[in-house]
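Pasted below: coords36.txt, compact mmCIF, C-alpha atoms and all ligand atoms.
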```txt
# COMPACT_ATOMS: atom_id res chain seq x y z
CA MET A 516 -15.66 -118.19 -10.96
CA ASN A 517 -14.97 -121.76 -12.14
CA GLN A 518 -12.83 -122.36 -15.21
CA HIS A 519 -13.24 -125.61 -17.19
CA VAL A 520 -9.98 -127.16 -18.47
CA ASP A 521 -9.13 -130.34 -20.44
CA VAL A 522 -6.87 -132.01 -17.87
CA LEU A 523 -5.97 -131.39 -14.23
CA LEU A 524 -2.78 -132.91 -12.82
CA ILE A 525 -3.32 -132.89 -9.05
CA ASN A 526 -1.46 -134.11 -5.95
CA ILE A 527 1.96 -133.33 -7.47
CA GLY A 528 4.53 -133.91 -4.73
CA GLN A 529 7.17 -131.64 -6.27
CA LEU A 530 6.67 -129.48 -9.36
CA LEU A 531 9.76 -128.04 -11.09
CA THR A 532 8.64 -125.20 -13.37
CA MET A 533 12.24 -124.35 -14.46
CA GLU A 534 10.86 -120.86 -15.08
CA SER A 535 13.59 -118.47 -16.26
CA THR A 536 13.75 -115.28 -18.34
CA GLY A 537 16.87 -116.54 -20.11
CA PRO A 538 19.63 -119.17 -20.05
CA ARG A 539 20.99 -119.74 -16.55
CA ALA A 540 24.72 -118.98 -16.38
CA GLY A 541 27.20 -119.83 -13.64
CA LYS A 542 25.83 -119.48 -10.13
CA GLU A 543 22.27 -118.93 -11.48
CA MET A 544 22.31 -122.63 -12.42
CA GLN A 545 21.87 -123.42 -8.73
CA GLN A 546 18.41 -121.79 -8.76
CA LEU A 547 15.20 -123.61 -9.54
CA THR A 548 11.57 -123.08 -8.64
CA VAL A 549 9.95 -125.93 -6.69
CA ILE A 550 6.25 -125.94 -5.82
CA GLU A 551 5.24 -128.56 -3.24
CA ASP A 552 1.72 -130.09 -3.33
CA ALA A 553 1.03 -128.56 -6.75
CA THR A 554 -1.59 -128.63 -9.51
CA VAL A 555 -1.15 -128.07 -13.25
CA ALA A 556 -4.13 -127.34 -15.52
CA ILE A 557 -4.01 -127.99 -19.28
CA ALA A 558 -6.36 -126.43 -21.83
CA ASN A 559 -6.10 -126.64 -25.66
CA GLY A 560 -2.66 -128.25 -25.41
CA LYS A 561 -1.24 -125.39 -23.36
CA ILE A 562 -0.60 -124.76 -19.70
CA ALA A 563 -3.57 -122.89 -18.22
CA PHE A 564 -2.56 -122.83 -14.54
CA ILE A 565 0.37 -123.72 -12.31
CA GLY A 566 0.18 -123.40 -8.52
CA THR A 567 -0.51 -125.02 -5.20
CA SER A 568 -3.50 -127.34 -4.97
CA GLU A 569 -5.41 -124.95 -2.70
CA SER A 570 -5.04 -122.08 -5.23
CA ALA A 571 -6.27 -124.41 -8.02
CA GLU A 572 -9.83 -124.50 -6.61
CA PRO A 573 -11.52 -122.61 -9.51
CA PHE A 574 -10.22 -125.09 -12.15
CA LYS A 575 -12.54 -127.99 -12.99
CA SER A 576 -12.14 -130.91 -15.44
CA GLU A 577 -13.62 -134.33 -16.27
CA LYS A 578 -10.05 -135.64 -16.71
CA ILE A 579 -8.25 -135.53 -13.37
CA ILE A 580 -4.91 -137.31 -12.97
CA ASP A 581 -3.83 -138.00 -9.40
CA CYS A 582 -0.02 -137.79 -9.54
CA GLN A 583 0.22 -139.60 -6.19
CA GLY A 584 2.84 -137.20 -4.78
CA LYS A 585 5.26 -137.78 -7.68
CA LEU A 586 7.74 -135.34 -9.25
CA VAL A 587 6.51 -133.38 -12.30
CA THR A 588 8.79 -131.35 -14.60
CA PRO A 589 8.95 -129.89 -18.10
CA GLY A 590 9.79 -132.34 -20.90
CA LEU A 591 13.56 -132.78 -21.24
CA VAL A 592 15.51 -131.23 -24.14
CA ASP A 593 18.37 -133.17 -25.81
CA PRO A 594 20.40 -130.46 -27.63
CA HIS A 595 23.03 -132.66 -29.30
CA THR A 596 22.19 -135.91 -31.16
CA HIS A 597 23.11 -137.63 -34.41
CA VAL A 598 19.79 -139.51 -34.41
CA VAL A 599 19.42 -139.93 -38.21
CA PHE A 600 21.87 -142.59 -39.43
CA GLY A 601 22.11 -145.99 -41.11
CA GLY A 602 23.51 -149.18 -39.63
CA SER A 603 25.52 -149.52 -36.42
CA ARG A 604 29.13 -149.93 -35.23
CA GLU A 605 29.04 -152.67 -32.58
CA HIS A 606 31.92 -154.38 -34.41
CA GLU A 607 34.15 -151.46 -33.30
CA MET A 608 33.61 -152.34 -29.62
CA ALA A 609 36.38 -154.95 -29.78
CA LEU A 610 38.79 -152.37 -31.24
CA LYS A 611 37.92 -149.97 -28.42
CA GLN A 612 38.52 -152.73 -25.86
CA GLN A 613 41.93 -153.38 -27.42
CA GLY A 614 42.66 -149.68 -26.85
CA VAL A 615 42.50 -148.57 -30.50
CA PRO A 616 41.83 -144.80 -30.23
CA TYR A 617 38.69 -143.28 -31.75
CA LEU A 618 40.71 -141.12 -34.19
CA GLU A 619 42.77 -144.15 -35.28
CA ILE A 620 39.60 -146.09 -36.16
CA LEU A 621 38.44 -143.07 -38.17
CA LYS A 622 41.85 -142.82 -39.90
CA GLN A 623 41.55 -146.47 -40.92
CA GLY A 624 38.25 -145.65 -42.66
CA GLY A 625 36.02 -146.84 -39.82
CA GLY A 626 34.11 -144.75 -37.29
CA ILE A 627 32.11 -141.96 -38.87
CA LEU A 628 33.11 -143.17 -42.36
CA SER A 629 31.68 -146.61 -41.60
CA THR A 630 28.34 -145.00 -40.74
CA VAL A 631 28.62 -142.81 -43.86
CA LYS A 632 28.76 -145.95 -46.03
CA GLN A 633 25.69 -147.43 -44.30
CA THR A 634 23.77 -144.15 -44.46
CA ARG A 635 24.50 -143.63 -48.17
CA GLU A 636 23.23 -147.19 -48.83
CA ALA A 637 20.02 -146.70 -46.80
CA SER A 638 16.88 -145.30 -48.46
CA GLU A 639 15.22 -142.18 -47.09
CA ASP A 640 12.36 -144.33 -45.76
CA GLN A 641 14.76 -146.75 -44.07
CA LEU A 642 16.50 -143.83 -42.35
CA TYR A 643 13.09 -142.42 -41.38
CA GLU A 644 11.90 -145.67 -39.79
CA LYS A 645 15.17 -146.19 -37.93
CA ALA A 646 15.30 -142.63 -36.55
CA ARG A 647 11.63 -142.88 -35.59
CA PHE A 648 12.45 -145.94 -33.50
CA HIS A 649 15.20 -144.01 -31.67
CA LEU A 650 12.91 -140.99 -31.17
CA ASP A 651 10.20 -143.25 -29.70
CA ARG A 652 12.78 -144.42 -27.17
CA MET A 653 13.86 -140.84 -26.42
CA LEU A 654 10.21 -139.91 -25.86
CA SER A 655 9.88 -142.81 -23.42
CA TYR A 656 12.73 -141.19 -21.48
CA GLY A 657 10.75 -137.93 -21.19
CA VAL A 658 12.53 -136.04 -23.97
CA THR A 659 10.11 -133.78 -25.87
CA THR A 660 12.53 -131.67 -27.97
CA VAL A 661 15.65 -133.00 -29.76
CA GLU A 662 18.39 -131.52 -31.93
CA ALA A 663 19.22 -133.75 -34.91
CA LYS A 664 22.44 -133.40 -36.93
CA SER A 665 23.22 -134.55 -40.44
CA GLY A 666 26.83 -135.54 -41.15
CA TYR A 667 26.68 -139.17 -42.20
CA GLY A 668 26.32 -138.38 -45.90
CA LEU A 669 29.38 -136.24 -46.68
CA ASP A 670 27.92 -135.83 -50.16
CA VAL A 671 25.12 -133.52 -51.30
CA GLU A 672 22.54 -136.22 -51.96
CA THR A 673 22.90 -138.05 -48.65
CA GLU A 674 23.25 -134.93 -46.51
CA LEU A 675 19.96 -133.69 -47.99
CA LYS A 676 18.45 -137.16 -47.45
CA GLN A 677 19.29 -136.97 -43.72
CA LEU A 678 17.98 -133.41 -43.36
CA LYS A 679 14.72 -134.32 -45.17
CA VAL A 680 14.24 -137.29 -42.82
CA ALA A 681 14.65 -134.99 -39.78
CA LYS A 682 12.15 -132.51 -41.26
CA ARG A 683 9.62 -135.30 -41.97
CA LEU A 684 10.02 -136.59 -38.40
CA HIS A 685 9.53 -133.09 -36.97
CA GLU A 686 6.22 -132.97 -38.86
CA SER A 687 5.08 -136.48 -37.93
CA HIS A 688 6.59 -137.45 -34.55
CA PRO A 689 5.40 -136.08 -31.15
CA ILE A 690 8.97 -134.93 -30.42
CA ASP A 691 9.92 -131.51 -31.85
CA LEU A 692 13.14 -131.74 -33.89
CA VAL A 693 15.60 -128.90 -34.51
CA SER A 694 18.03 -129.57 -37.37
CA THR A 695 21.76 -128.91 -37.70
CA PHE A 696 23.77 -129.29 -40.92
CA LEU A 697 26.97 -131.16 -40.02
CA GLY A 698 28.22 -131.82 -43.57
CA ALA A 699 31.67 -130.96 -42.17
CA HIS A 700 31.71 -134.05 -39.94
CA ALA A 701 34.65 -135.88 -41.52
CA ILE A 702 36.65 -135.89 -44.80
CA PRO A 703 35.09 -138.45 -47.17
CA TYR A 704 37.30 -140.87 -49.07
CA GLU A 705 36.67 -138.99 -52.37
CA TYR A 706 38.27 -135.85 -50.89
CA LYS A 707 40.94 -137.55 -48.80
CA ASN A 708 43.71 -135.25 -50.05
CA ASN A 709 41.63 -132.15 -50.58
CA PRO A 710 39.59 -131.16 -47.50
CA GLU A 711 39.28 -127.56 -48.71
CA ALA A 712 37.49 -128.66 -51.88
CA PHE A 713 35.17 -130.83 -49.80
CA LEU A 714 34.32 -127.92 -47.48
CA LYS A 715 33.59 -125.80 -50.55
CA GLU A 716 31.13 -128.44 -51.78
CA MET A 717 29.39 -128.46 -48.39
CA LEU A 718 29.23 -124.65 -48.29
CA ALA A 719 27.63 -124.64 -51.74
CA MET A 720 24.64 -126.48 -50.19
CA LEU A 721 23.82 -123.72 -47.70
CA ASP A 722 21.58 -121.57 -49.94
CA HIS A 723 19.40 -124.58 -50.75
CA ILE A 724 19.30 -125.70 -47.09
CA LYS A 725 18.22 -122.19 -46.08
CA GLU A 726 15.55 -121.93 -48.82
CA GLU A 727 14.09 -125.35 -47.97
CA GLU A 728 14.34 -124.64 -44.21
CA LEU A 729 16.23 -127.89 -43.74
CA ALA A 730 18.50 -126.66 -40.92
CA GLU A 731 18.91 -123.71 -38.53
CA PHE A 732 22.47 -124.44 -37.42
CA VAL A 733 25.78 -125.28 -39.09
CA ASP A 734 28.27 -127.41 -37.15
CA ILE A 735 31.79 -128.71 -37.80
CA PHE A 736 34.04 -131.35 -36.21
CA THR A 737 37.18 -129.39 -35.33
CA GLU A 738 39.56 -132.20 -34.44
CA THR A 739 42.94 -133.72 -35.21
CA GLY A 740 42.77 -135.54 -38.54
CA VAL A 741 39.42 -133.91 -39.34
CA PHE A 742 39.21 -130.11 -39.73
CA THR A 743 41.70 -127.56 -38.41
CA VAL A 744 40.77 -124.43 -36.46
CA GLU A 745 41.66 -122.31 -39.53
CA GLN A 746 39.51 -124.41 -41.89
CA SER A 747 36.70 -124.32 -39.32
CA ARG A 748 36.93 -120.54 -38.92
CA ASP A 749 36.64 -119.92 -42.69
CA TYR A 750 33.82 -122.46 -43.03
CA LEU A 751 31.74 -121.16 -40.12
CA ALA A 752 32.32 -117.50 -41.02
CA GLU A 753 30.79 -118.25 -44.43
CA ALA A 754 27.86 -120.10 -42.82
CA LYS A 755 27.26 -117.14 -40.48
CA LEU A 756 27.16 -114.76 -43.45
CA LYS A 757 24.47 -116.97 -44.97
CA GLY A 758 22.31 -116.58 -41.87
CA PHE A 759 23.00 -119.77 -39.91
CA ASP A 760 23.69 -119.93 -36.19
CA LEU A 761 26.84 -121.85 -35.38
CA LYS A 762 27.83 -124.89 -33.34
CA ILE A 763 31.23 -126.59 -33.03
CA HIS A 764 32.28 -130.08 -31.98
CA ALA A 765 35.13 -128.48 -30.03
CA ASP A 766 38.10 -129.94 -28.09
CA GLU A 767 36.41 -133.35 -27.85
CA ILE A 768 39.63 -135.37 -27.99
CA ASP A 769 42.59 -133.05 -28.75
CA PRO A 770 42.67 -129.47 -27.37
CA LEU A 771 42.95 -127.67 -30.73
CA GLY A 772 41.22 -124.48 -29.53
CA GLY A 773 37.73 -125.05 -30.94
CA THR A 774 36.36 -123.59 -27.71
CA GLU A 775 38.07 -120.26 -28.34
CA LEU A 776 36.89 -120.32 -31.95
CA ALA A 777 33.26 -120.86 -30.89
CA ALA A 778 33.41 -117.86 -28.54
CA GLU A 779 35.26 -115.75 -31.14
CA LEU A 780 32.52 -116.42 -33.74
CA GLY A 781 29.65 -115.99 -31.28
CA ALA A 782 28.47 -119.57 -31.79
CA ILE A 783 25.22 -120.45 -30.04
CA SER A 784 26.99 -123.48 -28.55
CA ALA A 785 30.36 -125.19 -28.23
CA ASP A 786 29.98 -128.91 -27.69
CA HIS A 787 32.15 -131.55 -25.92
CA LEU A 788 34.88 -129.19 -24.48
CA VAL A 789 36.78 -132.00 -22.73
CA GLY A 790 40.06 -130.24 -23.63
CA ALA A 791 38.78 -126.67 -23.28
CA SER A 792 41.57 -124.37 -22.08
CA ASP A 793 41.33 -121.84 -19.23
CA LYS A 794 41.34 -119.12 -21.91
CA GLY A 795 38.58 -120.88 -23.83
CA ILE A 796 36.41 -121.17 -20.72
CA GLU A 797 36.97 -117.49 -19.92
CA MET A 798 35.94 -116.57 -23.49
CA LEU A 799 32.77 -118.71 -23.29
CA ALA A 800 31.70 -116.85 -20.15
CA LYS A 801 32.18 -113.51 -21.96
CA SER A 802 30.55 -114.50 -25.26
CA GLY A 803 27.52 -116.27 -23.74
CA THR A 804 28.17 -119.26 -26.02
CA ILE A 805 26.50 -122.22 -24.30
CA ALA A 806 28.77 -125.12 -23.29
CA VAL A 807 26.97 -128.35 -24.26
CA LEU A 808 28.66 -131.12 -22.27
CA LEU A 809 28.47 -134.77 -23.30
CA PRO A 810 29.76 -136.94 -20.43
CA GLY A 811 28.27 -140.10 -21.96
CA THR A 812 30.75 -139.80 -24.83
CA THR A 813 33.74 -139.29 -22.53
CA PHE A 814 32.63 -142.37 -20.56
CA TYR A 815 32.11 -144.47 -23.70
CA LEU A 816 35.48 -143.46 -25.20
CA GLY A 817 37.04 -144.79 -21.98
CA LYS A 818 38.58 -141.46 -21.06
CA GLU A 819 39.57 -140.59 -17.49
CA THR A 820 39.36 -136.81 -17.98
CA PHE A 821 35.92 -135.22 -18.26
CA ALA A 822 34.98 -131.66 -19.26
CA ARG A 823 35.71 -129.17 -16.47
CA ALA A 824 32.06 -128.34 -15.74
CA ARG A 825 32.79 -127.08 -12.23
CA LYS A 826 35.31 -124.53 -13.52
CA MET A 827 32.95 -123.50 -16.31
CA ILE A 828 30.03 -122.93 -13.93
CA ASP A 829 32.22 -121.21 -11.33
CA GLU A 830 33.48 -118.85 -14.08
CA GLY A 831 29.95 -117.94 -15.19
CA VAL A 832 29.54 -120.16 -18.27
CA THR A 833 26.04 -121.36 -19.28
CA VAL A 834 26.17 -125.17 -19.27
CA ALA A 835 23.76 -127.59 -20.95
CA LEU A 836 23.85 -131.41 -21.10
CA ALA A 837 23.05 -133.81 -23.95
CA THR A 838 23.35 -137.49 -24.85
CA ASP A 839 25.36 -137.07 -28.09
CA PHE A 840 23.38 -140.13 -29.20
CA ASN A 841 25.25 -141.58 -32.21
CA PRO A 842 26.29 -145.05 -33.42
CA GLY A 843 29.97 -144.71 -32.57
CA SER A 844 31.05 -142.59 -29.62
CA CYS A 845 27.83 -142.61 -27.55
CA PRO A 846 25.26 -145.22 -28.59
CA THR A 847 22.61 -144.53 -25.95
CA GLU A 848 19.34 -142.56 -25.86
CA ASN A 849 19.32 -142.85 -22.05
CA ILE A 850 19.46 -139.20 -20.97
CA HIS A 851 18.81 -140.24 -17.34
CA LEU A 852 22.22 -141.97 -17.38
CA ILE A 853 23.71 -138.66 -18.55
CA MET A 854 22.27 -137.05 -15.40
CA THR A 855 24.24 -139.52 -13.26
CA PHE A 856 27.45 -138.99 -15.27
CA ALA A 857 26.94 -135.23 -14.81
CA ALA A 858 26.64 -135.72 -11.05
CA LEU A 859 29.50 -138.17 -10.54
CA LYS A 860 31.95 -137.21 -13.31
CA LEU A 861 31.21 -133.52 -13.94
CA LYS A 862 30.50 -132.88 -10.22
CA MET A 863 27.34 -130.91 -11.09
CA THR A 864 24.64 -130.44 -8.41
CA PRO A 865 21.09 -131.76 -8.99
CA GLU A 866 19.85 -128.17 -9.42
CA GLU A 867 22.53 -127.46 -12.07
CA ILE A 868 21.73 -130.73 -13.85
CA TRP A 869 18.02 -129.92 -14.08
CA ASN A 870 18.77 -126.45 -15.50
CA ALA A 871 21.25 -128.03 -17.94
CA MET A 872 18.67 -130.59 -19.15
CA THR A 873 15.78 -128.13 -19.63
CA VAL A 874 16.21 -124.32 -19.76
CA ASN A 875 19.83 -124.19 -20.94
CA ALA A 876 19.43 -127.12 -23.31
CA ALA A 877 16.49 -125.33 -24.94
CA TYR A 878 18.48 -122.10 -25.36
CA ALA A 879 21.37 -124.08 -26.86
CA ILE A 880 19.12 -124.93 -29.84
CA GLY A 881 17.24 -121.63 -30.08
CA ARG A 882 14.09 -122.92 -28.32
CA GLY A 883 14.44 -121.03 -25.03
CA ASP A 884 11.08 -119.31 -25.58
CA THR A 885 9.12 -122.49 -26.26
CA ALA A 886 10.76 -125.50 -24.55
CA GLY A 887 12.33 -126.48 -21.24
CA GLN A 888 9.97 -124.58 -18.91
CA LEU A 889 6.44 -124.94 -17.51
CA VAL A 890 4.88 -121.48 -17.87
CA VAL A 891 1.22 -120.51 -18.33
CA GLY A 892 0.56 -120.08 -22.05
CA ARG A 893 3.35 -122.39 -23.22
CA GLU A 894 2.71 -125.80 -24.79
CA ALA A 895 2.09 -128.48 -22.16
CA ASP A 896 5.23 -130.63 -22.60
CA ILE A 897 5.22 -132.34 -19.20
CA VAL A 898 6.70 -135.43 -17.55
CA ILE A 899 5.32 -137.26 -14.50
CA TRP A 900 8.24 -139.19 -12.95
CA ASP A 901 8.26 -142.32 -10.79
CA ALA A 902 10.34 -140.36 -8.32
CA PRO A 903 9.50 -138.51 -5.09
CA ASN A 904 11.74 -135.49 -5.77
CA TYR A 905 14.23 -134.02 -8.24
CA LEU A 906 17.27 -135.32 -6.33
CA TYR A 907 16.18 -138.88 -7.11
CA LEU A 908 16.91 -139.01 -10.86
CA PRO A 909 20.72 -138.58 -10.87
CA TYR A 910 20.89 -140.81 -7.76
CA HIS A 911 19.10 -143.96 -9.02
CA TYR A 912 20.94 -144.70 -12.24
CA GLY A 913 20.71 -146.73 -15.42
CA VAL A 914 16.91 -147.09 -15.42
CA ASN A 915 14.02 -145.21 -17.01
CA HIS A 916 12.24 -143.09 -14.39
CA VAL A 917 9.40 -141.88 -16.57
CA ASN A 918 5.84 -142.57 -15.56
CA SER A 919 4.01 -140.48 -18.19
CA VAL A 920 4.91 -137.98 -20.91
CA PHE A 921 2.63 -135.22 -22.26
CA LYS A 922 3.37 -133.43 -25.53
CA ARG A 923 1.18 -130.39 -26.25
CA GLY A 924 -1.16 -131.60 -23.47
CA LYS A 925 -1.66 -135.08 -24.95
CA ILE A 926 -0.35 -138.25 -23.25
CA VAL A 927 2.25 -139.66 -25.70
CA SER A 928 4.03 -142.22 -23.50
CA LYS A 929 3.00 -143.81 -20.20
CA ARG A 930 2.79 -146.79 -17.84
CA ARG A 931 -0.66 -148.12 -17.03
CA ASP A 932 -0.61 -147.95 -13.24
CA ILE A 933 -1.35 -144.23 -12.93
CA ILE A 934 -3.42 -143.19 -15.94
CA GLU A 935 -6.44 -145.02 -17.30
CA ASP A 936 -7.29 -144.56 -21.00
O1 LIG B 1001 31.51 -141.03 -34.14
C1 LIG B 1001 30.42 -140.59 -34.52
O2 LIG B 1001 29.66 -141.17 -35.32
C2 LIG B 1001 29.89 -139.28 -33.94
C3 LIG B 1001 30.96 -138.31 -33.57
N1 LIG B 1001 31.23 -137.23 -34.25
C4 LIG B 1001 32.26 -136.48 -33.63
N2 LIG B 1001 32.57 -137.24 -32.50
C5 LIG B 1001 31.81 -138.34 -32.46
ZN ZN B 1002 28.31 -135.10 -31.72
```
As structure tokens, how would this structure be written, given the file I've shared?
Ligand SMILES: O=C(O)CC1=NCN=C1
Ligand SMILES: [Zn+2]
Amino acid sequence: MNQHVDVLLINIGQLLTMESTGPRAGKEMQQLTVIEDATVAIANGKIAFIGTSESAEPFKSEKIIDCQGKLVTPGLVDPHTHVVFGGSREHEMALKQQGVPYLEILKQGGGILSTVKQTREASEDQLYEKARFHLDRMLSYGVTTVEAKSGYGLDVETELKQLKVAKRLHESHPIDLVSTFLGAHAIPYEYKNNPEAFLKEMLAMLDHIKEEELAEFVDIFTETGVFTVEQSRDYLAEAKLKGFDLKIHADEIDPLGGTELAAELGAISADHLVGASDKGIEMLAKSGTIAVLLPGTTFYLGKETFARARKMIDEGVTVALATDFNPGSCPTENIHLIMTFAALKLKMTPEEIWNAMTVNAAYAIGRGDTAGQLVVGREADIVIWDAPNYLYLPYHYGVNHVNSVFKRGKIVSKRRDIIED
């Protein structure tokens, strides 16, 4: 019996469903489901059918899109961004080229603190318009769900301003946003000699953030010259008691042991992990804390040593990938470039990269049940790629491979040559 649907995507060369009952850990990251010569049917913004073209016979529609043998996948998930911020830090490029370390720039009142000044000065609407511009670009790269951190206010008023902007964008932009409170991102000038008092002020915001549903996660930058492991443990333990899931910027530059702390506290994710110890990696595998790796940042900081993704995967850790888009240590929305860094610098296979950019990335921000997979009944967040297969994206680097992006079954970004209005 025929079934009428809103849209039929036909003649799909390779369809990656990324279907999985949970995050893919270790060796499971090598698995992915590929359907050759596939059809996807969309009805009421959701996926109504996925299968081979011949099994799609019963589905009929006035809107048929011939995908011309291209690759089709779920929308990508970027689980670690600082997308809401004021200003920019291009003037720091010269310092980086002269070899001034990231933490030295921060110590001199630049880096994060430079963005804090520009974010405090910006109005809520200015921050909204700027973040919307960056989200439009992320959407054009096929990203349909994004995590957005605060952390450029470092005072109550501006932290709330950032979180409100992210909430307004979640309600107005095609991309779904998931918010993280990163008030503990750096020590502001006002609290230079009293980090504990500053952390207390940030903790005092949590009840309001919870009531207003302004963030689901609490994050902290555990780093030399920022917050110690002990300060981080006390801060995150308090946040956990108040009902927040936890994230840590861990072992990004110096190996302080943030990785171990994330596993010890049962954080949903530990992010960066460039200096993660053998013990820390072992603990991640046991705790199920997801390792969110950010190779774009390691590249941009000019480091030779990248996170040990191969060891993590071989030891059974669940690995996700993200841009870490921010104005200082990784100013790019280009998540396709991150795929190539993951291949060449983290030595991840194409199959592992696709799991890390969809399923695992979604679980790293608590959206495993709604994002990162093409499954009948889920929202139709779909990308048609100008690529013949899934190997192609990490291989052909530095460009945007998207042909068309669907969010909840609606075309939200495209090139003209395949889809007429
Ligand atoms: O530098 C920035 O603005 C973002 C960052 N936070 C922790 N590492 C990098
Ligand atoms: Zn970050």
Point (43.8, -128.4, -30.0) neighbourhood (10 Å, all atoms listed in the file) written as an NGL selection string: :A and (737-739 or 743-744 or 765-774 or 790-792)
Given all atoms listed in the file, how would the per-residue table for chain A near ligand ZN 1002 (chain B) read, listing every residue at most 10 Å away with its closest atom pair and distance in Å to one decimal, sorted by chain and number, as a Markdown table?
```
| residue | atom | partner | partner_atom | distance |
| --- | --- | --- | --- | --- |
| A:His595 | CA | B:ZN1002 | ZN | 6.3 |
| A:Thr596 | CA | B:ZN1002 | ZN | 6.2 |
| A:His597 | CA | B:ZN1002 | ZN | 6.4 |
| A:Val598 | CA | B:ZN1002 | ZN | 10.0 |
| A:Ala663 | CA | B:ZN1002 | ZN | 9.7 |
| A:Lys664 | CA | B:ZN1002 | ZN | 8.0 |
| A:Gly666 | CA | B:ZN1002 | ZN | 9.6 |
| A:Leu697 | CA | B:ZN1002 | ZN | 9.3 |
| A:His700 | CA | B:ZN1002 | ZN | 9.0 |
| A:Asp734 | CA | B:ZN1002 | ZN | 9.4 |
| A:Ile735 | CA | B:ZN1002 | ZN | 9.5 |
| A:Phe736 | CA | B:ZN1002 | ZN | 8.2 |
| A:Ile763 | CA | B:ZN1002 | ZN | 9.1 |
| A:His764 | CA | B:ZN1002 | ZN | 6.4 |
| A:Ala765 | CA | B:ZN1002 | ZN | 9.7 |
| A:Glu767 | CA | B:ZN1002 | ZN | 9.1 |
| A:Asp786 | CA | B:ZN1002 | ZN | 7.6 |
| A:His787 | CA | B:ZN1002 | ZN | 7.8 |
| A:Leu809 | CA | B:ZN1002 | ZN | 8.4 |
| A:Thr812 | CA | B:ZN1002 | ZN | 8.7 |
| A:Ala837 | CA | B:ZN1002 | ZN | 9.5 |
| A:Thr838 | CA | B:ZN1002 | ZN | 8.8 |
| A:Asp839 | CA | B:ZN1002 | ZN | 5.1 |
| A:Phe840 | CA | B:ZN1002 | ZN | 7.5 |
| A:Asn841 | CA | B:ZN1002 | ZN | 7.2 |
| A:Gly843 | CA | B:ZN1002 | ZN | 9.8 |
| A:Ser844 | CA | B:ZN1002 | ZN | 8.2 |
| A:Cys845 | CA | B:ZN1002 | ZN | 8.6 |
```
Go ahead and save the picked residues with C-alpha atoms, as a PDB file, keeping the file's coordinate frame.
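Here's the written file selection33.pdb:
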```
ATOM      1  CA  HIS A 595      23.030-132.660 -29.300  1.00  0.00           C
ATOM      2  CA  THR A 596      22.190-135.910 -31.160  1.00  0.00           C
ATOM      3  CA  HIS A 597      23.110-137.630 -34.410  1.00  0.00           C
ATOM      4  CA  VAL A 598      19.790-139.510 -34.410  1.00  0.00           C
ATOM      5  CA  ALA A 663      19.220-133.750 -34.910  1.00  0.00           C
ATOM      6  CA  LYS A 664      22.440-133.400 -36.930  1.00  0.00           C
ATOM      7  CA  GLY A 666      26.830-135.540 -41.150  1.00  0.00           C
ATOM      8  CA  LEU A 697      26.970-131.160 -40.020  1.00  0.00           C
ATOM      9  CA  HIS A 700      31.710-134.050 -39.940  1.00  0.00           C
ATOM     10  CA  ASP A 734      28.270-127.410 -37.150  1.00  0.00           C
ATOM     11  CA  ILE A 735      31.790-128.710 -37.800  1.00  0.00           C
ATOM     12  CA  PHE A 736      34.040-131.350 -36.210  1.00  0.00           C
ATOM     13  CA  ILE A 763      31.230-126.590 -33.030  1.00  0.00           C
ATOM     14  CA  HIS A 764      32.280-130.080 -31.980  1.00  0.00           C
ATOM     15  CA  ALA A 765      35.130-128.480 -30.030  1.00  0.00           C
ATOM     16  CA  GLU A 767      36.410-133.350 -27.850  1.00  0.00           C
ATOM     17  CA  ASP A 786      29.980-128.910 -27.690  1.00  0.00           C
ATOM     18  CA  HIS A 787      32.150-131.550 -25.920  1.00  0.00           C
ATOM     19  CA  LEU A 809      28.470-134.770 -23.300  1.00  0.00           C
ATOM     20  CA  THR A 812      30.750-139.800 -24.830  1.00  0.00           C
ATOM     21  CA  ALA A 837      23.050-133.810 -23.950  1.00  0.00           C
ATOM     22  CA  THR A 838      23.350-137.490 -24.850  1.00  0.00           C
ATOM     23  CA  ASP A 839      25.360-137.070 -28.090  1.00  0.00           C
ATOM     24  CA  PHE A 840      23.380-140.130 -29.200  1.00  0.00           C
ATOM     25  CA  ASN A 841      25.250-141.580 -32.210  1.00  0.00           C
ATOM     26  CA  GLY A 843      29.970-144.710 -32.570  1.00  0.00           C
ATOM     27  CA  SER A 844      31.050-142.590 -29.620  1.00  0.00           C
ATOM     28  CA  CYS A 845      27.830-142.610 -27.550  1.00  0.00           C
TER      29      CYS A 845
END
```
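One distance worth recording is that between CA of Ala824 (chain A) and CA of Ala785 (chain A), which is 13.0 Å.
One distance worth recording is that between CA of Gln623 (chain A) and CA of Phe713 (chain A), which is 19.1 Å.
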Out of A:Gly590, A:Pro846, A:Gly892, A:Gly560, which residue has the shortest atom-to-atom distance to ligand LIG 1001 (chain B) when counting all atoms listed in the file? A:Pro846
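With distances restricted to only C-alpha atoms, A:Ser802 is the closest residue to Ala777 (chain A) from A:Ser687, A:Thr548, A:Ser603, A:Ser802.
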Taking (16.3, -133.4, -19.8) in the coordinates of the supplied file, I want to know which residues reach to within 9 Å of it, counting all atoms listed in the file; could you give the answer as number ranges by chain? A: 589-593, 656-659, 836-837, 850-851, 854, 868-873, 876, 887
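Considering the residues A:Glu819, A:Asp651, A:Asp760, A:Glu797 and counting all atoms listed in the file, Ala778 (chain A) has its shortest atom-to-atom contact with A:Glu797.
You can rank A:Ile562, A:Ile525, A:Pro616, A:Glu534 by their closest distance to ligand LIG 1001 (chain B) using only C-alpha atoms and all ligand atoms, and at the top of that list sits A:Pro616.
Taking all atoms listed in the file into account, ligand LIG 1001 (chain B) lies nearest to A:Val599 out of the set A:Val599, A:Ile580, A:Met544, A:Leu654.
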